[in-house]
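Student: Contents of upload27.pdb (PDB, C-alpha atoms and all ligand atoms) are below:
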ATOM      1  CA  ALA A   1      18.382 -32.592   8.375
ATOM      2  CA  THR A   2      21.587 -32.777  10.348
ATOM      3  CA  PRO A   3      23.222 -29.520  11.485
ATOM      4  CA  THR A   4      25.972 -30.195   8.941
ATOM      5  CA  ALA A   5      23.525 -30.548   6.041
ATOM      6  CA  LEU A   6      21.872 -27.295   7.084
ATOM      7  CA  MET A   7      25.213 -25.526   7.222
ATOM      8  CA  VAL A   8      26.060 -26.812   3.759
ATOM      9  CA  GLY A   9      22.659 -25.723   2.441
ATOM     10  CA  THR A  10      22.750 -22.222   3.865
ATOM     11  CA  GLY A  11      26.393 -21.872   2.803
ATOM     12  CA  ARG A  12      25.502 -22.785  -0.781
ATOM     13  CA  GLY A  13      22.650 -20.291  -0.672
ATOM     14  CA  ALA A  14      24.980 -17.533   0.485
ATOM     15  CA  LYS A  15      27.274 -18.202  -2.479
ATOM     16  CA  MET A  16      24.313 -17.729  -4.834
ATOM     17  CA  GLY A  17      23.274 -14.520  -3.114
ATOM     18  CA  ILE A  18      20.454 -16.176  -1.169
ATOM     19  CA  LEU A  19      20.846 -15.350   2.529
ATOM     20  CA  ILE A  20      18.837 -17.756   4.675
ATOM     21  CA  LYS A  21      18.377 -16.746   8.316
ATOM     22  CA  ASN A  22      18.170 -20.276   9.744
ATOM     23  CA  GLY A  23      17.668 -23.939   8.935
ATOM     24  CA  GLU A  24      13.997 -23.856   9.807
ATOM     25  CA  VAL A  25      13.353 -21.308   7.056
ATOM     26  CA  LEU A  26      15.193 -23.509   4.562
ATOM     27  CA  GLU A  27      12.968 -26.445   5.533
ATOM     28  CA  THR A  28       9.674 -24.515   5.309
ATOM     29  CA  VAL A  29      10.514 -23.408   1.764
ATOM     30  CA  ASN A  30      10.070 -27.040   0.721
ATOM     31  CA  ASP A  31       6.374 -26.991   1.690
ATOM     32  CA  VAL A  32       5.379 -23.735   0.008
ATOM     33  CA  LYS A  33       2.303 -23.988  -2.243
ATOM     34  CA  THR A  34       1.759 -20.331  -3.154
ATOM     35  CA  VAL A  35       4.270 -17.579  -3.909
ATOM     36  CA  VAL A  36       2.918 -14.045  -3.491
ATOM     37  CA  PHE A  37       4.756 -11.067  -4.975
ATOM     38  CA  ASP A  38       4.604  -7.376  -4.255
ATOM     39  CA  LYS A  39       4.545  -5.451  -7.558
ATOM     40  CA  THR A  40       6.632  -2.288  -7.350
ATOM     41  CA  GLY A  41      10.342  -2.954  -6.920
ATOM     42  CA  THR A  42       9.767  -6.710  -6.720
ATOM     43  CA  ILE A  43       8.255  -7.745 -10.069
ATOM     44  CA  THR A  44       9.012  -4.359 -11.615
ATOM     45  CA  VAL A  45      12.254  -2.419 -11.646
ATOM     46  CA  GLY A  46      10.839   0.060  -9.129
ATOM     47  CA  LYS A  47      11.903   3.160 -11.093
ATOM     48  CA  PRO A  48       8.624   4.607 -12.321
ATOM     49  CA  VAL A  49       8.752   7.161 -15.149
ATOM     50  CA  VAL A  50       6.060   9.615 -16.319
ATOM     51  CA  THR A  51       4.967   8.709 -19.851
ATOM     52  CA  ASP A  52       1.800  10.767 -20.466
ATOM     53  CA  VAL A  53       0.177  13.891 -19.080
ATOM     54  CA  ARG A  54      -3.480  14.641 -19.956
ATOM     55  CA  GLY A  55      -5.200  17.962 -19.366
ATOM     56  CA  GLU A  56      -3.484  21.347 -19.477
ATOM     57  CA  GLN A  57       0.048  20.006 -19.100
ATOM     58  CA  ASP A  58       1.731  22.938 -17.303
ATOM     59  CA  GLN A  59      -1.011  23.345 -14.751
ATOM     60  CA  VAL A  60      -1.325  19.604 -14.154
ATOM     61  CA  LEU A  61       2.401  19.258 -13.524
ATOM     62  CA  GLN A  62       2.495  22.365 -11.332
ATOM     63  CA  VAL A  63      -0.192  21.146  -8.980
ATOM     64  CA  ALA A  64       1.121  17.585  -8.943
ATOM     65  CA  ALA A  65       4.733  18.591  -8.297
ATOM     66  CA  ALA A  66       3.823  21.103  -5.589
ATOM     67  CA  LEU A  67       1.953  18.388  -3.699
ATOM     68  CA  GLU A  68       4.436  15.575  -4.311
ATOM     69  CA  GLU A  69       7.347  17.693  -3.000
ATOM     70  CA  ASN A  70       6.197  16.504   0.397
ATOM     71  CA  SER A  71       5.878  12.795  -0.422
ATOM     72  CA  GLU A  72       8.456  10.028  -0.314
ATOM     73  CA  HIS A  73       6.519   7.668  -2.578
ATOM     74  CA  PRO A  74       8.287   6.357  -5.748
ATOM     75  CA  LEU A  75       5.420   7.865  -7.808
ATOM     76  CA  ALA A  76       6.201  11.277  -6.281
ATOM     77  CA  GLU A  77       9.795  10.982  -7.427
ATOM     78  CA  ALA A  78       8.680  10.236 -10.993
ATOM     79  CA  ILE A  79       6.359  13.263 -11.033
ATOM     80  CA  LEU A  80       9.040  15.580  -9.626
ATOM     81  CA  ASP A  81      11.519  14.375 -12.255
ATOM     82  CA  ALA A  82       9.008  15.122 -15.032
ATOM     83  CA  ALA A  83       8.289  18.600 -13.638
ATOM     84  CA  LYS A  84      12.005  19.315 -13.382
ATOM     85  CA  GLU A  85      12.593  18.212 -16.951
ATOM     86  CA  LYS A  86       9.886  20.593 -18.176
ATOM     87  CA  GLN A  87      11.327  23.300 -15.854
ATOM     88  CA  THR A  88       7.936  23.727 -14.263
ATOM     89  CA  ALA A  89       7.776  26.481 -11.619
ATOM     90  CA  TYR A  90       5.178  26.253  -8.854
ATOM     91  CA  PRO A  91       4.368  27.676  -5.426
ATOM     92  CA  ALA A  92       4.794  25.558  -2.295
ATOM     93  CA  ALA A  93       1.705  23.616  -1.233
ATOM     94  CA  THR A  94       0.379  23.985   2.315
ATOM     95  CA  ASP A  95      -1.634  21.793   4.700
ATOM     96  CA  PHE A  96      -0.019  18.670   3.242
ATOM     97  CA  GLN A  97      -1.476  15.258   4.094
ATOM     98  CA  ALA A  98      -0.214  11.849   2.911
ATOM     99  CA  ILE A  99      -2.972   9.240   2.653
ATOM    100  CA  SER A 100      -1.575   5.712   2.685
ATOM    101  CA  GLY A 101      -2.407   3.702  -0.457
ATOM    102  CA  GLN A 102      -4.284   6.659  -2.010
ATOM    103  CA  GLY A 103      -2.066   9.686  -2.575
ATOM    104  CA  VAL A 104      -1.546  13.168  -1.186
ATOM    105  CA  ALA A 105      -3.862  16.086  -0.453
ATOM    106  CA  ALA A 106      -2.931  19.714   0.261
ATOM    107  CA  LYS A 107      -3.790  23.308  -0.532
ATOM    108  CA  PHE A 108      -2.456  24.845  -3.765
ATOM    109  CA  ASN A 109      -2.748  28.642  -3.915
ATOM    110  CA  GLY A 110      -5.215  28.305  -1.069
ATOM    111  CA  GLN A 111      -7.457  25.859  -2.956
ATOM    112  CA  ASP A 112      -8.067  22.207  -2.131
ATOM    113  CA  ALA A 113      -5.978  19.890  -4.289
ATOM    114  CA  PHE A 114      -5.037  16.221  -4.473
ATOM    115  CA  VAL A 115      -2.841  13.830  -6.451
ATOM    116  CA  GLY A 116      -3.699  10.174  -6.224
ATOM    117  CA  ASN A 117      -6.044   7.400  -7.251
ATOM    118  CA  THR A 118      -9.838   7.396  -7.510
ATOM    119  CA  LYS A 119     -10.197   6.583  -3.788
ATOM    120  CA  LEU A 120      -9.112  10.191  -3.162
ATOM    121  CA  ARG A 121     -11.483  11.741  -5.693
ATOM    122  CA  HIS A 122     -14.483  12.133  -3.375
ATOM    123  CA  ASP A 123     -16.722  14.897  -4.774
ATOM    124  CA  TYR A 124     -14.281  16.239  -7.370
ATOM    125  CA  GLN A 125     -15.913  16.458 -10.840
ATOM    126  CA  MET A 126     -14.320  14.355 -13.579
ATOM    127  CA  ASP A 127     -15.135  14.499 -17.316
ATOM    128  CA  GLU A 128     -16.128  11.288 -19.030
ATOM    129  CA  ASP A 129     -13.336  11.709 -21.606
ATOM    130  CA  LEU A 130     -10.777  11.772 -18.847
ATOM    131  CA  GLN A 131     -12.303   8.666 -17.276
ATOM    132  CA  LYS A 132     -11.951   6.805 -20.601
ATOM    133  CA  GLU A 133      -8.377   7.998 -21.093
ATOM    134  CA  MET A 134      -7.549   6.775 -17.610
ATOM    135  CA  GLU A 135      -8.785   3.266 -18.397
ATOM    136  CA  THR A 136      -6.928   3.166 -21.740
ATOM    137  CA  LEU A 137      -3.658   4.117 -20.042
ATOM    138  CA  GLN A 138      -4.229   1.576 -17.255
ATOM    139  CA  ASP A 139      -4.724  -1.195 -19.810
ATOM    140  CA  GLN A 140      -1.249  -0.255 -21.092
ATOM    141  CA  ALA A 141       0.105  -1.246 -17.638
ATOM    142  CA  LYS A 142       0.539   2.392 -16.607
ATOM    143  CA  THR A 143      -0.332   3.629 -13.127
ATOM    144  CA  VAL A 144      -2.564   6.677 -13.508
ATOM    145  CA  VAL A 145      -2.825   9.373 -10.869
ATOM    146  CA  LEU A 146      -5.557  11.983 -10.951
ATOM    147  CA  VAL A 147      -4.733  15.611 -10.308
ATOM    148  CA  GLY A 148      -7.554  17.534  -8.639
ATOM    149  CA  LEU A 149      -7.890  21.263  -7.974
ATOM    150  CA  ASN A 150     -10.832  23.173  -6.552
ATOM    151  CA  GLN A 151     -13.313  20.280  -6.832
ATOM    152  CA  GLN A 152     -12.364  19.473 -10.459
ATOM    153  CA  VAL A 153     -10.096  16.699 -11.768
ATOM    154  CA  ILE A 154      -7.892  18.847 -14.046
ATOM    155  CA  GLY A 155      -5.788  16.080 -15.527
ATOM    156  CA  LEU A 156      -4.022  12.734 -15.376
ATOM    157  CA  ILE A 157      -0.441  11.610 -15.099
ATOM    158  CA  ALA A 158       0.459   8.138 -16.383
ATOM    159  CA  ILE A 159       3.481   6.494 -14.850
ATOM    160  CA  GLN A 160       5.177   3.343 -16.078
ATOM    161  CA  ASP A 161       7.337   0.921 -14.156
ATOM    162  CA  THR A 162       8.474  -1.936 -16.370
ATOM    163  CA  PRO A 163       8.925  -5.547 -15.214
ATOM    164  CA  LYS A 164      12.496  -6.667 -14.523
ATOM    165  CA  GLU A 165      13.955  -8.618 -17.424
ATOM    166  CA  THR A 166      14.093 -11.791 -15.327
ATOM    167  CA  SER A 167      10.606 -11.665 -13.771
ATOM    168  CA  ALA A 168       8.793 -13.679 -16.455
ATOM    169  CA  ALA A 169      11.394 -16.488 -16.382
ATOM    170  CA  ALA A 170      11.303 -16.573 -12.581
ATOM    171  CA  ILE A 171       7.538 -16.937 -12.530
ATOM    172  CA  SER A 172       7.433 -19.598 -15.208
ATOM    173  CA  ALA A 173       9.995 -21.657 -13.236
ATOM    174  CA  LEU A 174       7.761 -21.558 -10.154
ATOM    175  CA  LYS A 175       4.691 -22.501 -12.175
ATOM    176  CA  ALA A 176       6.612 -25.429 -13.673
ATOM    177  CA  ARG A 177       7.014 -26.717 -10.097
ATOM    178  CA  GLY A 178       3.242 -26.623  -9.734
ATOM    179  CA  LEU A 179       3.215 -23.580  -7.473
ATOM    180  CA  LYS A 180       0.542 -20.917  -7.628
ATOM    181  CA  THR A 181       1.778 -17.354  -8.238
ATOM    182  CA  VAL A 182      -0.057 -14.263  -6.963
ATOM    183  CA  MET A 183       0.530 -10.498  -7.238
ATOM    184  CA  LEU A 184      -0.508  -8.417  -4.211
ATOM    185  CA  THR A 185      -0.555  -4.670  -4.793
ATOM    186  CA  GLY A 186      -2.062  -1.354  -3.813
ATOM    187  CA  ASP A 187      -2.163  -0.350  -7.453
ATOM    188  CA  ASN A 188      -5.248  -0.337  -9.631
ATOM    189  CA  GLN A 189      -6.855  -3.608 -10.834
ATOM    190  CA  ARG A 190      -6.403  -2.881 -14.573
ATOM    191  CA  VAL A 191      -2.737  -1.931 -14.192
ATOM    192  CA  ALA A 192      -2.019  -4.951 -12.022
ATOM    193  CA  GLN A 193      -3.764  -7.283 -14.523
ATOM    194  CA  ALA A 194      -1.775  -5.824 -17.424
ATOM    195  CA  ILE A 195       1.543  -6.373 -15.631
ATOM    196  CA  ALA A 196       0.523  -9.828 -14.405
ATOM    197  CA  LYS A 197      -0.229 -10.808 -17.981
ATOM    198  CA  GLU A 198       3.201  -9.614 -19.142
ATOM    199  CA  VAL A 199       5.024 -11.807 -16.628
ATOM    200  CA  GLY A 200       2.597 -14.761 -16.428
ATOM    201  CA  ILE A 201       1.282 -14.348 -12.865
ATOM    202  CA  ASP A 202      -1.771 -16.575 -12.141
ATOM    203  CA  GLN A 203      -3.796 -14.389  -9.791
ATOM    204  CA  VAL A 204      -4.019 -10.683  -8.992
ATOM    205  CA  ILE A 205      -5.121  -9.128  -5.706
ATOM    206  CA  ALA A 206      -5.136  -5.367  -6.379
ATOM    207  CA  GLU A 207      -6.199  -2.121  -4.683
ATOM    208  CA  VAL A 208      -5.193  -3.516  -1.293
ATOM    209  CA  LEU A 209      -4.354  -0.910   1.339
ATOM    210  CA  PRO A 210      -0.930  -1.365   2.969
ATOM    211  CA  ALA A 211      -2.586  -2.198   6.290
ATOM    212  CA  ASP A 212      -4.583  -5.047   4.697
ATOM    213  CA  LYS A 213      -1.759  -6.906   2.951
ATOM    214  CA  ALA A 214      -1.026  -9.225   5.897
ATOM    215  CA  GLU A 215      -4.715 -10.165   6.081
ATOM    216  CA  GLN A 216      -4.633 -11.188   2.407
ATOM    217  CA  ILE A 217      -1.670 -13.469   3.156
ATOM    218  CA  LYS A 218      -3.627 -15.128   5.969
ATOM    219  CA  GLN A 219      -6.475 -15.865   3.574
ATOM    220  CA  LEU A 220      -4.113 -17.435   1.034
ATOM    221  CA  GLN A 221      -2.695 -19.610   3.836
ATOM    222  CA  GLY A 222      -6.063 -21.388   3.785
ATOM    223  CA  SER A 223      -4.730 -23.424   0.839
ATOM    224  CA  GLY A 224      -1.243 -24.221   2.118
ATOM    225  CA  LYS A 225       2.044 -22.576   3.007
ATOM    226  CA  VAL A 226       2.701 -19.171   1.524
ATOM    227  CA  ALA A 227       5.921 -17.374   0.618
ATOM    228  CA  PHE A 228       5.742 -13.591   0.228
ATOM    229  CA  VAL A 229       8.343 -11.663  -1.757
ATOM    230  CA  GLY A 230       8.579  -7.906  -1.184
ATOM    231  CA  ASP A 231      10.836  -4.932  -0.680
ATOM    232  CA  GLY A 232       9.060  -1.990   0.953
ATOM    233  CA  ILE A 233       8.352  -0.649   4.431
ATOM    234  CA  ASN A 234       4.712  -1.451   3.648
ATOM    235  CA  ASP A 235       5.636  -5.075   3.003
ATOM    236  CA  ALA A 236       7.032  -5.846   6.476
ATOM    237  CA  PRO A 237       3.724  -7.124   7.971
ATOM    238  CA  ALA A 238       3.143  -9.416   4.957
ATOM    239  CA  LEU A 239       6.751 -10.645   5.108
ATOM    240  CA  SER A 240       6.388 -11.660   8.741
ATOM    241  CA  THR A 241       2.887 -13.128   8.347
ATOM    242  CA  ALA A 242       3.885 -15.397   5.446
ATOM    243  CA  ASP A 243       5.352 -18.841   6.238
ATOM    244  CA  VAL A 244       8.457 -17.696   4.374
ATOM    245  CA  GLY A 245       9.233 -13.994   3.972
ATOM    246  CA  ILE A 246      11.606 -13.237   1.101
ATOM    247  CA  ALA A 247      13.023  -9.696   0.992
ATOM    248  CA  MET A 248      14.832  -7.979  -1.853
ATOM    249  CA  GLY A 249      18.378  -6.992  -0.896
ATOM    250  CA  SER A 250      17.677  -3.567  -2.420
ATOM    251  CA  GLY A 251      14.670  -3.194  -0.149
ATOM    252  CA  THR A 252      14.224  -1.105   2.960
ATOM    253  CA  ASP A 253      15.982  -2.220   6.166
ATOM    254  CA  ILE A 254      12.578  -2.900   7.695
ATOM    255  CA  ALA A 255      11.706  -5.353   4.922
ATOM    256  CA  ILE A 256      15.124  -7.017   5.132
ATOM    257  CA  ASP A 257      14.703  -7.477   8.901
ATOM    258  CA  ALA A 258      11.248  -9.002   8.419
ATOM    259  CA  GLY A 259      12.428 -11.508   5.779
ATOM    260  CA  GLY A 260      13.605 -15.039   6.582
ATOM    261  CA  ILE A 261      15.420 -15.026   3.248
ATOM    262  CA  VAL A 262      17.162 -12.074   1.599
ATOM    263  CA  LEU A 263      17.875 -12.022  -2.147
ATOM    264  CA  VAL A 264      21.125 -10.103  -2.548
ATOM    265  CA  LYS A 265      20.848  -9.823  -6.344
ATOM    266  CA  ASN A 266      17.187  -8.703  -6.433
ATOM    267  CA  ASP A 267      16.628 -11.331  -9.117
ATOM    268  CA  LEU A 268      13.362 -13.247  -8.672
ATOM    269  CA  ARG A 269      14.892 -16.382 -10.225
ATOM    270  CA  ALA A 270      16.541 -16.835  -6.835
ATOM    271  CA  VAL A 271      13.129 -17.835  -5.403
ATOM    272  CA  ASP A 272      13.197 -20.965  -7.544
ATOM    273  CA  GLN A 273      16.860 -21.539  -6.650
ATOM    274  CA  ALA A 274      15.954 -21.376  -2.960
ATOM    275  CA  LEU A 275      13.299 -24.055  -3.520
ATOM    276  CA  GLU A 276      15.824 -26.217  -5.310
ATOM    277  CA  LEU A 277      18.323 -25.753  -2.505
ATOM    278  CA  SER A 278      15.748 -26.694   0.114
ATOM    279  CA  GLN A 279      14.797 -29.835  -1.787
ATOM    280  CA  LYS A 280      18.426 -30.915  -2.113
ATOM    281  CA  THR A 281      19.219 -30.186   1.522
ATOM    282  CA  PHE A 282      16.276 -32.135   2.894
ATOM    283  CA  ASN A 283      16.372 -35.083   0.510
ATOM    284  CA  ARG A 284      20.070 -35.865   0.757
ATOM    285  CA  ILE A 285      20.016 -36.900   4.396
ATOM    286  CA  LYS A 286      16.847 -39.037   4.349
TER     287      LYS A 286
HETATM  288  P1  LIG B   1       2.207  -0.592  -3.741
HETATM  289  O1  LIG B   1       1.372  -1.784  -3.453
HETATM  290  O2  LIG B   1       2.669  -0.575  -5.166
HETATM  291  O3  LIG B   1       3.356  -0.424  -2.747
HETATM  292  P2  LIG B   1       0.977   1.776  -2.472
HETATM  293  O4  LIG B   1       0.104   1.169  -1.433
HETATM  294  O5  LIG B   1       2.193   2.506  -2.018
HETATM  295  O6  LIG B   1       1.288   0.725  -3.638
HETATM  296  O7  LIG B   1       0.100   2.832  -3.326
HETATM  297  C1  LIG B   1      -1.089   2.390  -3.964
HETATM  298  C2  LIG B   1      -1.636   3.465  -4.853
HETATM  299  O8  LIG B   1      -1.903   4.659  -4.094
HETATM  300  C3  LIG B   1      -0.706   3.928  -5.956
HETATM  301  O9  LIG B   1      -0.773   3.073  -7.079
HETATM  302  C4  LIG B   1      -1.273   5.305  -6.254
HETATM  303  O10 LIG B   1      -2.441   5.206  -7.045
HETATM  304  C5  LIG B   1      -1.685   5.802  -4.884
HETATM  305  N1  LIG B   1      -0.621   6.619  -4.248
HETATM  306  C6  LIG B   1       0.060   6.329  -3.120
HETATM  307  N2  LIG B   1       0.935   7.300  -2.814
HETATM  308  C7  LIG B   1       0.836   8.231  -3.789
HETATM  309  C8  LIG B   1       1.484   9.498  -4.053
HETATM  310  N3  LIG B   1       2.426  10.006  -3.274
HETATM  311  N4  LIG B   1       1.086  10.169  -5.163
HETATM  312  C9  LIG B   1       0.139   9.678  -5.984
HETATM  313  N5  LIG B   1      -0.495   8.523  -5.790
HETATM  314  C10 LIG B   1      -0.173   7.797  -4.715
HETATM  315 MG    MG B   2       7.065  -2.414  -3.322
END
Could you quickly redo this structure as structure tokens?
Tutor:
Amino acid sequence: ATPTALMVGTGRGAKMGILIKNGEVLETVNDVKTVVFDKTGTITVGKPVVTDVRGEQDQVLQVAAALEENSEHPLAEAILDAAKEKQTAYPAATDFQAISGQGVAAKFNGQDAFVGNTKLRHDYQMDEDLQKEMETLQDQAKTVVLVGLNQQVIGLIAIQDTPKETSAAAISALKARGLKTVMLTGDNQRVAQAIAKEVGIDQVIAEVLPADKAEQIKQLQGSGKVAFVGDGINDAPALSTADVGIAMGSGTDIAIDAGGIVLVKNDLRAVDQALELSQKTFNRIK
């Protein structure tokens, strides 16, 4: 395309809230075969809310809140809000440790404790009933964190983050173009499947540690150019590994820096609009 056509294209994008870093990015968009989405804050609203607590509610919330005080994860915020609402009082945890993609561990009243997924369970005992309840909640598209104290899983907290209203329409538009859609997430397989089904995503890659997300993108690049859409600090390596990195405008500065395209309105329908724009820009001047 001529420099003028590129200027017109990127200018049009800007008016629609699609900031394109350079003409090369706009051209690559045309060749994308697979669009990969982060889940939290990208497909979903990114404001998780506690919906269910299993086990002895006060104790479960006390331990969970004490540990999550030290975490900056969106799930931690949801748990702290729930504890606040119930006016739960708890002592400060000590020896805090954040474990990426798994949860947090610390001491509560001098005893070992954790809040997180099953990867953090290790040798903590867990009743079969609780295991079943966990799976039921996960099938309802709820992220479930286990709360462990003194080698026993004492309860569960289910946390829901609903899809954005526009996510399903955005994904169906991409599929109508013949593109493959994939969700890449650190969350549990059942939860990811349930959300994917709600919005029509073709393929789910779940339980991926933050450090392994870029590697998953490389594998998908085996079947053509890949766009990755994400918003978090964790997403920066995937955003820069993908052929086109698309960052949410609401995302962290690190994600925005790593993206070749920034979606100001955080609306996933803009991914399809960017494809349209690329097609128009590069066909007009042939
Ligand atoms: P995502 O792909 O949604 O960004 P993360 O890699 O941040 O997910 O986290 C993956 C999983 O690790 C979460 O679904 C949760 O089970 C667990 N986890 C991470 N941080 C925490 C935390 N602070 N408290 C509880 N669980 C956590
Ligand atoms: Mg995210």
Student: Between A:Ile256, A:Ile79, A:Ala89, A:Val182, which has the minimum distance to A:Val226 (counting all atoms listed in the file)?
Tutor: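 Closest residue, counting all atoms listed in the file: A:Val182.
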Student: Could you give me the residues within 10 Å of ligand MG 2 (chain B), counting only C-alpha atoms and all ligand atoms, as a PyMOL selection string?
Tutor: chain A and resi 37-46+74+184-186+229-235+248+251-252+255
Student: Which residues sit within 9 Å of ligand LIG 1 (chain B), counting only C-alpha atoms and all ligand atoms, listed as a ChimeraX atom specification?
Tutor: /A:38-41,64,67-68,70-77,79,98-104,114-120,143-147,184-188,191,206-211,213,231-235
Student: I need the output of the PyMOL selection byres (((chain A and resi 224) around 10) and not hetatm) for this file as number ranges by chain; which residues are they?
Tutor: A: 31-34, 219-223, 225-226, 243
Student: The selected residues should be written to file as a short mmCIF file (atom, residue, chain, number, x, y, z; two decimals), in the coordinates of the input (atoms: C-alpha atoms).
Tutor:
data_model
loop_
_atom_site.label_atom_id
_atom_site.label_comp_id
_atom_site.auth_asym_id
_atom_site.auth_seq_id
_atom_site.Cartn_x
_atom_site.Cartn_y
_atom_site.Cartn_z
CA ASP A 31 6.37 -26.99 1.69
CA VAL A 32 5.38 -23.74 0.01
CA LYS A 33 2.30 -23.99 -2.24
CA THR A 34 1.76 -20.33 -3.15
CA GLN A 219 -6.48 -15.86 3.57
CA LEU A 220 -4.11 -17.43 1.03
CA GLN A 221 -2.70 -19.61 3.84
CA GLY A 222 -6.06 -21.39 3.78
CA SER A 223 -4.73 -23.42 0.84
CA LYS A 225 2.04 -22.58 3.01
CA VAL A 226 2.70 -19.17 1.52
CA ASP A 243 5.35 -18.84 6.24
#
Student: Padding of 8 Å on every side, edges along x, y and z, all listed atoms of stretch 122-141 of chain A included: what centre and edge lengths in Å, to one decimal, does that box have, as JSON?
Tutor:
{"center_x": -8.3, "center_y": 7.6, "center_z": -12.6, "size_x": 32.8, "size_y": 33.7, "size_z": 34.4}
Student: Kindly indicate which residue among A:Val204, A:Val244, A:Leu275, A:Ala270 lies nearest to A:Val25, using all atoms listed in the file for the distances.
Tutor: A:Val244
Student: Identify, on the basis of only C-alpha atoms, every residue whose closest approach to A:Leu277 does not exceed 8 Å; exclude the query and any residue fewer than 5 positions from it along the same chain; express the result as a PyMOL selection string.
Tutor: chain A and resi 9+12-13
Student: Quick one: which residues end up in the PyMOL selection byres (((chain A and resi 15) around 12) and not hetatm) for this structure, as a VMD selection string?
Tutor: chain A and resid 8 to 14 16 to 20 263 to 265 270 273 to 274 277
Student: Deliver the residues from the most recent selection as a file, using C-alpha atoms, as a PDB file, in the coordinates of the input.
Tutor:
ATOM      1  CA  VAL A   8      26.060 -26.812   3.759  1.00  0.00           C
ATOM      2  CA  GLY A   9      22.659 -25.723   2.441  1.00  0.00           C
ATOM      3  CA  THR A  10      22.750 -22.222   3.865  1.00  0.00           C
ATOM      4  CA  GLY A  11      26.393 -21.872   2.803  1.00  0.00           C
ATOM      5  CA  ARG A  12      25.502 -22.785  -0.781  1.00  0.00           C
ATOM      6  CA  GLY A  13      22.650 -20.291  -0.672  1.00  0.00           C
ATOM      7  CA  ALA A  14      24.980 -17.533   0.485  1.00  0.00           C
ATOM      8  CA  MET A  16      24.313 -17.729  -4.834  1.00  0.00           C
ATOM      9  CA  GLY A  17      23.274 -14.520  -3.114  1.00  0.00           C
ATOM     10  CA  ILE A  18      20.454 -16.176  -1.169  1.00  0.00           C
ATOM     11  CA  LEU A  19      20.846 -15.350   2.529  1.00  0.00           C
ATOM     12  CA  ILE A  20      18.837 -17.756   4.675  1.00  0.00           C
ATOM     13  CA  LEU A 263      17.875 -12.022  -2.147  1.00  0.00           C
ATOM     14  CA  VAL A 264      21.125 -10.103  -2.548  1.00  0.00           C
ATOM     15  CA  LYS A 265      20.848  -9.823  -6.344  1.00  0.00           C
ATOM     16  CA  ALA A 270      16.541 -16.835  -6.835  1.00  0.00           C
ATOM     17  CA  GLN A 273      16.860 -21.539  -6.650  1.00  0.00           C
ATOM     18  CA  ALA A 274      15.954 -21.376  -2.960  1.00  0.00           C
ATOM     19  CA  LEU A 277      18.323 -25.753  -2.505  1.00  0.00           C
TER      20      LEU A 277
END
Student: In Å, how far is it from atom CA of A:Phe96 to atom CA of A:Asp253?
Tutor: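 According to the coordinates, atom CA of A:Phe96 and atom CA of A:Asp253 are separated by 26.5 Å.
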Student: Give as a compact mmCIF listing (two decimals) with C-alpha atoms, keeping the file's coordinate frame the residues that the PyMOL selection byres (((chain A and resi 53) around 8) and not hetatm) matches when applied to the coordinates above.
Tutor:
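The result, stored in selection-v1.txt:
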# COMPACT_ATOMS: atom_id res chain seq x y z
CA VAL A 50 6.06 9.62 -16.32
CA THR A 51 4.97 8.71 -19.85
CA ASP A 52 1.80 10.77 -20.47
CA ARG A 54 -3.48 14.64 -19.96
CA GLY A 55 -5.20 17.96 -19.37
CA GLN A 57 0.05 20.01 -19.10
CA VAL A 60 -1.32 19.60 -14.15
CA GLY A 155 -5.79 16.08 -15.53
CA LEU A 156 -4.02 12.73 -15.38
CA ILE A 157 -0.44 11.61 -15.10
CA ALA A 158 0.46 8.14 -16.38
Student: Measuring between only C-alpha atoms, which one of A:Ile171, A:Ala194, A:Leu80, A:Val36 shows the shortest distance to A:Ala247?
Tutor: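 Closest to A:Ala247 of all the choices is A:Val36.
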Student: Find the distance between atom CA of A:Glu133 and atom CA of A:Lys107 and write it in Å to one decimal.
Tutor: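 Spanning atom CA of A:Glu133 to atom CA of A:Lys107 is a straight-line distance of 26.0 Å.
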Student: Would you mind listing what lies within 8 Å of stretch 151-153 of chain A as a VMD selection string, with all atoms listed in the file counted and same-chain residues fewer than 2 positions away left out?
Tutor: chain A and resid 112 to 113 121 123 to 127 146 to 149 155
Student: For the point (8.3, -23.1, -6.0) in the file's frame, write as number ranges by chain all residues with an atom no more than 6 Å away, counting all atoms listed in the file.
Tutor: A: 174, 177, 179, 272, 275
Student: What is the atom CA of A:Lys84-atom CA of A:Phe108 distance in Å, reported with one decimal?
Tutor: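 That distance, rounded to one decimal, is 18.2 Å.
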Student: Considering only C-alpha atoms, state which residue in the set A:Ala214, A:Ile254, A:Ala169, A:Ala93 is at the smallest distance from A:Pro237.
Tutor: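 Nearest to A:Pro237: A:Ala214.
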Student: Output as a JSON list (two decimals), in the coordinates of the input: stretch 235-239 of chain A, completed with N, CA and C atoms.
Tutor:
[["chain", "number", "residue", "atom", "x", "y", "z"],
["A", 235, "ASP", "N", 5.68, -3.62, 3.18],
["A", 235, "ASP", "CA", 5.64, -5.08, 3.00],
["A", 235, "ASP", "C", 6.00, -5.84, 4.27],
["A", 236, "ALA", "N", 6.54, -5.14, 5.28],
["A", 236, "ALA", "CA", 7.03, -5.85, 6.48],
["A", 236, "ALA", "C", 5.97, -6.73, 7.14],
["A", 237, "PRO", "N", 4.73, -6.25, 7.34],
["A", 237, "PRO", "CA", 3.72, -7.12, 7.97],
["A", 237, "PRO", "C", 3.44, -8.38, 7.14],
["A", 238, "ALA", "N", 3.39, -8.25, 5.81],
["A", 238, "ALA", "CA", 3.14, -9.42, 4.96],
["A", 238, "ALA", "C", 4.34, -10.36, 5.02],
["A", 239, "LEU", "N", 5.54, -9.81, 5.04],
["A", 239, "LEU", "CA", 6.75, -10.64, 5.11],
["A", 239, "LEU", "C", 6.76, -11.47, 6.39]]
